[in-house]
$ cat structure_3.tsv   # TSV, C-alpha atoms
chain	number	residue	atom	x	y	z
Y	1	MET	CA	53.62	71.30	92.73
Y	2	ASN	CA	54.83	68.70	90.28
Y	3	THR	CA	57.07	66.28	92.19
Y	4	ASN	CA	59.65	66.31	89.41
Y	5	ASN	CA	59.89	70.09	89.62
Y	6	ALA	CA	60.22	69.91	93.40
Y	7	LEU	CA	63.09	67.45	93.03
Y	8	ILE	CA	64.83	69.73	90.54
Y	9	LEU	CA	64.54	72.70	92.93
Y	10	GLU	CA	65.97	70.65	95.80
Y	11	ASN	CA	68.90	69.57	93.64
Y	12	VAL	CA	69.62	73.15	92.60
Y	13	LYS	CA	69.58	74.27	96.25
Y	14	ALA	CA	71.91	71.44	97.25
Y	15	ASN	CA	74.31	71.75	94.33
Y	16	TRP	CA	75.19	75.46	94.60
Y	17	GLN	CA	77.74	74.57	97.28
Y	18	ASP	CA	79.62	72.47	94.71
Y	19	LYS	CA	80.22	75.47	92.43
Y	20	LYS	CA	83.91	76.33	92.11
Y	21	ALA	CA	83.96	80.11	92.33
Y	22	ILE	CA	87.08	80.65	94.45
Y	23	HIS	CA	90.43	80.81	92.68
Y	24	SER	CA	92.59	80.48	95.80
Y	25	LEU	CA	92.73	80.89	99.56
Y	26	THR	CA	95.08	82.80	101.85
Y	27	PRO	CA	94.63	80.97	105.16
Y	28	PHE	CA	95.82	83.75	107.47
Y	29	THR	CA	96.29	87.51	107.40
Y	30	LEU	CA	96.63	90.31	109.95
Y	31	LEU	CA	96.61	93.05	107.31
Y	32	ASP	CA	93.36	92.85	105.37
Y	33	TYR	CA	90.76	93.31	108.11
Y	34	PRO	CA	91.61	96.06	110.60
Y	35	ASP	CA	92.42	94.62	114.02
Y	36	LYS	CA	91.13	91.14	113.11
Y	37	THR	CA	92.64	87.79	112.24
Y	38	ALA	CA	91.26	86.61	108.92
Y	39	CYS	CA	91.60	84.46	105.86
Y	40	ILE	CA	91.17	85.75	102.29
Y	41	LEU	CA	89.05	84.12	99.61
Y	42	TRP	CA	90.11	85.17	96.10
Y	43	PHE	CA	87.10	84.91	93.81
Y	44	ALA	CA	87.78	84.06	90.19
Y	45	GLY	CA	86.68	86.48	87.50
Y	46	CYS	CA	86.02	90.20	87.34
Y	47	ASN	CA	83.75	92.41	85.27
Y	48	MET	CA	86.45	95.11	85.17
Y	49	LYS	CA	89.77	94.74	83.37
Y	50	CYS	CA	91.92	97.51	84.89
Y	51	ASP	CA	95.29	97.64	83.12
Y	52	TYR	CA	97.19	97.90	86.41
Y	53	CYS	CA	95.50	94.90	88.05
Y	54	TYR	CA	98.06	92.71	89.86
Y	55	ASN	CA	95.90	89.60	89.66
Y	56	PRO	CA	95.43	88.69	85.97
Y	57	GLU	CA	95.58	85.00	86.86
Y	58	ILE	CA	92.54	85.54	89.10
Y	59	VAL	CA	90.65	87.89	86.77
Y	60	PHE	CA	90.98	85.53	83.79
Y	61	GLY	CA	91.29	82.30	85.76
Y	62	LYS	CA	88.72	79.74	86.77
Y	63	GLY	CA	87.57	78.70	90.21
Y	64	GLN	CA	89.63	75.98	91.87
Y	65	LEU	CA	87.80	75.67	95.18
Y	66	SER	CA	84.11	75.00	95.77
Y	67	PHE	CA	81.95	76.67	98.37
Y	68	SER	CA	81.68	73.36	100.23
Y	69	GLU	CA	85.49	73.07	100.37
Y	70	ILE	CA	85.65	76.56	101.87
Y	71	PHE	CA	83.07	75.62	104.49
Y	72	SER	CA	85.14	72.56	105.42
Y	73	PHE	CA	88.20	74.79	105.85
Y	74	LEU	CA	86.31	77.35	107.94
Y	75	LYS	CA	85.03	74.66	110.30
Y	76	THR	CA	88.66	74.02	111.24
Y	77	ARG	CA	89.23	77.74	111.88
Y	78	ARG	CA	86.45	78.42	114.36
Y	79	ASN	CA	87.83	80.23	117.42
Y	80	LEU	CA	91.11	80.76	115.51
Y	81	LEU	CA	90.02	83.36	112.96
Y	82	ASP	CA	87.78	86.34	113.55
Y	83	ALA	CA	86.81	87.03	109.97
Y	84	VAL	CA	86.65	86.05	106.32
Y	85	VAL	CA	87.72	88.53	103.63
Y	86	LEU	CA	86.00	88.17	100.24
Y	87	SER	CA	88.26	89.54	97.53
Y	88	GLY	CA	89.16	88.80	93.93
Y	89	GLY	CA	88.51	89.41	91.14
Y	90	GLU	CA	85.06	90.62	92.07
Y	91	CYS	CA	83.09	88.59	94.59
Y	92	LEU	CA	79.73	90.28	93.95
Y	93	ILE	CA	79.42	88.99	90.37
Y	94	HIS	CA	78.95	85.42	91.59
Y	95	GLN	CA	75.42	84.09	91.51
Y	96	ASN	CA	75.47	82.35	94.90
Y	97	ILE	CA	77.29	85.01	96.89
Y	98	ILE	CA	74.33	85.74	99.19
Y	99	PRO	CA	73.71	82.15	100.41
Y	100	PHE	CA	77.49	81.73	100.64
Y	101	VAL	CA	77.89	84.76	102.91
Y	102	THR	CA	74.80	83.77	104.88
Y	103	THR	CA	76.42	80.43	105.72
Y	104	ILE	CA	79.72	82.08	106.71
Y	105	LYS	CA	77.86	84.40	109.09
Y	106	GLU	CA	75.96	81.47	110.54
Y	107	MET	CA	79.33	79.87	111.29
Y	108	GLY	CA	80.16	82.86	113.49
Y	109	PHE	CA	82.67	84.76	111.33
Y	110	LEU	CA	82.77	88.45	110.56
Y	111	VAL	CA	82.76	89.23	106.83
Y	112	LYS	CA	84.79	91.91	105.05
Y	113	MET	CA	84.10	92.49	101.39
Y	114	ASP	CA	86.45	94.00	98.79
Y	115	THR	CA	84.43	95.25	95.84
Y	116	ASN	CA	84.77	97.43	92.76
Y	117	GLY	CA	81.35	98.97	93.36
Y	118	SER	CA	79.70	97.67	90.19
Y	119	LYS	CA	76.85	95.63	91.74
Y	120	PRO	CA	74.63	97.93	93.84
Y	121	LYS	CA	71.65	95.54	93.87
Y	122	VAL	CA	73.73	92.73	95.36
Y	123	LEU	CA	75.36	95.10	97.84
Y	124	TYR	CA	71.92	96.35	98.87
Y	125	SER	CA	70.74	92.80	99.58
Y	126	LEU	CA	73.80	92.05	101.70
Y	127	LEU	CA	73.45	95.27	103.66
Y	128	ASN	CA	69.71	94.83	104.09
Y	129	GLN	CA	70.23	91.35	105.54
Y	130	ASN	CA	73.10	92.47	107.82
Y	131	LEU	CA	75.46	89.99	106.18
Y	132	ILE	CA	78.63	92.11	105.96
Y	133	ASP	CA	80.66	93.83	108.65
Y	134	TYR	CA	83.23	95.87	106.71
Y	135	VAL	CA	83.55	97.02	103.10
Y	136	ALA	CA	86.56	98.25	101.13
Y	137	MET	CA	85.46	99.73	97.81
Y	138	ASP	CA	87.66	100.80	94.91
Y	139	PHE	CA	87.26	104.23	93.32
Y	140	LYS	CA	88.87	103.85	89.91
Y	141	GLY	CA	88.96	107.49	88.92
Y	142	PRO	CA	86.91	110.64	88.32
Y	143	LYS	CA	83.83	110.37	86.14
Y	144	VAL	CA	85.62	111.47	82.96
Y	145	LYS	CA	88.28	108.74	83.34
Y	146	PHE	CA	86.39	105.98	85.13
Y	147	GLU	CA	85.43	103.86	82.11
Y	148	LYS	CA	88.84	104.20	80.48
Y	149	ILE	CA	90.55	102.89	83.63
Y	150	ALA	CA	88.02	100.17	84.53
Y	151	HIS	CA	87.12	99.14	80.97
Y	152	LEU	CA	83.53	99.12	82.20
Y	153	ASP	CA	80.91	101.87	82.21
Y	154	ALA	CA	80.21	101.60	85.93
Y	155	TYR	CA	80.65	105.07	87.40
Y	156	SER	CA	76.93	105.40	88.14
Y	157	SER	CA	76.95	101.96	89.77
Y	158	PHE	CA	79.90	103.01	91.95
Y	159	LYS	CA	78.03	106.14	93.03
Y	160	GLU	CA	74.95	104.06	93.84
Y	161	CYS	CA	77.05	101.71	95.98
Y	162	LEU	CA	78.67	104.68	97.69
Y	163	LYS	CA	75.25	106.10	98.56
Y	164	LEU	CA	74.17	102.74	99.99
Y	165	LEU	CA	77.21	102.63	102.25
Y	166	VAL	CA	76.95	106.27	103.32
Y	167	ASP	CA	73.24	105.92	104.08
Y	168	SER	CA	73.58	102.61	105.90
Y	169	ASN	CA	75.25	104.07	109.03
Y	170	SER	CA	75.64	100.46	110.13
Y	171	ILE	CA	79.05	99.21	109.02
Y	172	PRO	CA	82.51	100.73	108.69
Y	173	PHE	CA	83.80	101.11	105.15
Y	174	GLU	CA	86.68	102.66	103.27
Y	175	ILE	CA	87.28	103.99	99.76
Y	176	ARG	CA	90.60	103.26	98.07
Y	177	THR	CA	92.35	104.09	94.81
Y	178	THR	CA	95.29	102.64	92.93
Y	179	TYR	CA	97.42	105.44	91.50
Y	180	HIS	CA	99.32	105.15	88.21
Y	181	SER	CA	100.72	108.39	86.85
Y	182	SER	CA	99.81	107.57	83.24
Y	183	LEU	CA	96.15	107.17	84.24
Y	184	LEU	CA	95.64	109.68	87.06
Y	185	ASN	CA	97.22	112.92	88.28
Y	186	PRO	CA	96.95	114.98	91.50
Y	187	ASP	CA	94.12	117.08	90.04
Y	188	ASP	CA	92.15	113.90	89.40
Y	189	ILE	CA	92.61	112.90	93.02
Y	190	MET	CA	91.27	116.27	94.16
Y	191	MET	CA	88.25	115.83	91.86
Y	192	MET	CA	87.65	112.41	93.40
Y	193	LEU	CA	87.87	113.82	96.92
Y	194	ASP	CA	85.34	116.52	96.02
Y	195	ASP	CA	83.08	113.85	94.54
Y	196	LEU	CA	83.29	111.76	97.70
Y	197	CYS	CA	82.62	114.78	99.91
Y	198	ASP	CA	79.57	115.76	97.82
Y	199	SER	CA	78.26	112.20	98.31
Y	200	GLY	CA	78.49	112.49	102.09
Y	201	TYR	CA	81.64	110.42	102.56
Y	202	THR	CA	83.57	111.89	105.49
Y	203	ASN	CA	86.44	109.44	105.91
Y	204	SER	CA	89.82	109.31	104.17
Y	205	LEU	CA	90.64	108.24	100.64
Y	206	TYR	CA	93.28	105.51	100.82
Y	207	ILE	CA	95.81	105.64	97.99
Y	208	GLN	CA	98.03	102.77	96.92
Y	209	ASN	CA	100.80	103.75	94.53
Y	210	TYR	CA	101.23	101.36	91.64
Y	211	ARG	CA	104.23	99.10	92.16
Y	212	ASN	CA	106.44	99.04	89.10
Y	213	TYR	CA	107.76	95.78	87.66
Y	214	GLN	CA	104.62	93.79	88.48
Y	215	ASP	CA	102.80	91.35	86.23
Y	216	THR	CA	99.57	93.15	85.32
Y	217	ILE	CA	96.71	92.74	82.87
Y	218	LYS	CA	98.36	95.16	80.43
Y	219	PRO	CA	102.00	96.24	80.31
Y	220	LEU	CA	102.29	99.79	81.60
Y	221	PRO	CA	105.14	102.30	81.71
Y	222	ASP	CA	106.74	102.94	85.07
Y	223	SER	CA	104.60	105.10	87.29
Y	224	SER	CA	105.84	108.18	89.14
Y	225	ALA	CA	104.62	107.74	92.70
Y	226	LEU	CA	102.23	110.18	94.30
Y	227	HIS	CA	103.45	111.69	97.59
Y	228	PRO	CA	101.90	113.73	100.40
Y	229	LYS	CA	104.00	116.68	99.21
Y	230	ASP	CA	101.86	116.76	96.05
Y	231	PHE	CA	98.99	118.09	98.13
Y	232	SER	CA	98.34	120.91	100.55
Y	233	PRO	CA	100.03	120.41	103.95
Y	234	ASN	CA	96.65	120.59	105.68
Y	235	MET	CA	95.12	117.91	103.46
Y	236	THR	CA	94.02	115.27	105.95
Y	237	LYS	CA	91.63	113.25	103.78
Y	238	ILE	CA	94.34	111.27	101.99
Y	239	ILE	CA	96.16	108.33	103.51
Y	240	PHE	CA	98.93	106.53	101.61
Y	241	ARG	CA	99.43	102.80	101.88
$ encode --input "structure_3.tsv" --output "structure tokens"
Amino acid sequence: MNTNNALILENVKANWQDKKAIHSLTPFTLLDYPDKTACILWFAGCNMKCDYCYNPEIVFGKGQLSFSEIFSFLKTRRNLLDAVVLSGGECLIHQNIIPFVTTIKEMGFLVKMDTNGSKPKVLYSLLNQNLIDYVAMDFKGPKVKFEKIAHLDAYSSFKECLKLLVDSNSIPFEIRTTYHSSLLNPDDIMMMLDDLCDSGYTNSLYIQNYRNYQDTIKPLPDSSALHPKDFSPNMTKIIFR
């Protein structure tokens, strides 16, 4: 191999840790990883632009923290935190996510990943290498409304990610939906539940009602909240948060 080329490859390998992909850091949470103490890394950027997104500053913002800065922080949290939550934005769109997660695992932390389900190839690699311990994946809406809500034609990618998680049988995962009454209705939720069931998903669909008066990507009218009373009394597959 040409020695100049070898030097370039070494520099590329060394410099990925200097990339600033993380918008901000929440140093401690008891809410985002079930039964674990964790920190949250908010990745800058997202390939979806959902109108109701609460994090426009993250979706359209730039990274403020480098991977190396995160590693320095995590070294101080060994034996204090159980896990690292990768959120955003969308963490799976970042080029160096696999070596980043590999290093976090080598440091002894569990990894939970929040994803919009648009990157099945990356998810496959992470699952295949046993690099993630818990996944929370967004289900934007039924097939006929998915692209309108997400502003990305990614329904088939979501279904591919869902199949990967269902077939893995190795890690716990959950599916969740943000509900805004101008975008979804109870019939849509039932269609989504049927879709999940047909895909082999046997757990609950977690629903978060849109919180009015929030700064979002696009101004939206007030949403009428969805309630358990909107469904059959014996409907056990929906959990509200």
$ axis_aligned_box --input "structure_3.tsv" --around "range 73-88 of chain Y" --padding-each-side "8 Å" --output "AutoDock Vina command-line options"
--center_x 88.1 --center_y 81.8 --center_z 105.7 --size_x 22.1 --size_y 31.5 --size_z 39.5
$ closest_residue --input "structure_3.tsv" --among "Y:Thr37, Y:Ser156, Y:Gln129, Y:Ser204" --to "Leu81 in chain Y" --atoms "all atoms listed in the file"
Y:Thr37
$ residues_around --input "structure_3.tsv" --residues "Gly141 in chain Y" --least-positions-apart "5" --cutoff "12 Å" --atoms "all atoms listed in the file" --output "MDAnalysis selection string"
chainID Y and resid 50 116 146:151 153:155 158:159 175:181 183:193 195:196 205 207
$ residues_around --input "structure_3.tsv" --residues "Asn96 in chain Y" --least-positions-apart "3" --cutoff "8 Å" --atoms "only C-alpha atoms" --output "VMD selection string"
chain Y and resid 16 99 to 100
$ closest_residue --input "structure_3.tsv" --among "Y:Val122, Y:Cys197, Y:Leu152, Y:Val85" --to "Val166 in chain Y" --atoms "all atoms listed in the file"
Y:Cys197
$ closest_residue --input "structure_3.tsv" --among "Y:Ser170, Y:Asn55, Y:Ser125, Y:Thr216" --to "Val101 in chain Y" --atoms "only C-alpha atoms"
Y:Ser125
$ atom_distance --input "structure_3.tsv" --atom1 "CA of Leu30 in chain Y" --atom2 "CA of Lys62 in chain Y"
26.7 Å
$ residues_around --input "structure_3.tsv" --residues "Tyr54 in chain Y" --least-positions-apart "6" --cutoff "12 Å" --atoms "all atoms listed in the file" --output "JSON, numbers by chain"
{"Y": [60, 88, 89, 178, 210, 211, 212, 213, 214, 215, 216, 217, 218, 219, 220]}
$ closest_residue --input "structure_3.tsv" --among "Y:Lys20, Y:Lys49, Y:Lys145, Y:Lys105" --to "Leu126 in chain Y" --atoms "only C-alpha atoms"
Y:Lys105
$ atom_distance --input "structure_3.tsv" --atom1 "CA of Leu131 in chain Y" --atom2 "CA of Tyr206 in chain Y"
24.2 Å
$ residues_around --input "structure_3.tsv" --residues "Thr103 in chain Y" --least-positions-apart "3" --cutoff "12 Å" --atoms "all atoms listed in the file" --output "PyMOL selection string"
chain Y and resi 17+67-68+70-72+74-75+84+96-100+106-111+131-132
$ closest_residue --input "structure_3.tsv" --among "Y:Asp18, Y:Asp51, Y:Asp133, Y:Asp198" --to "Pro34 in chain Y" --atoms "all atoms listed in the file"
Y:Asp133
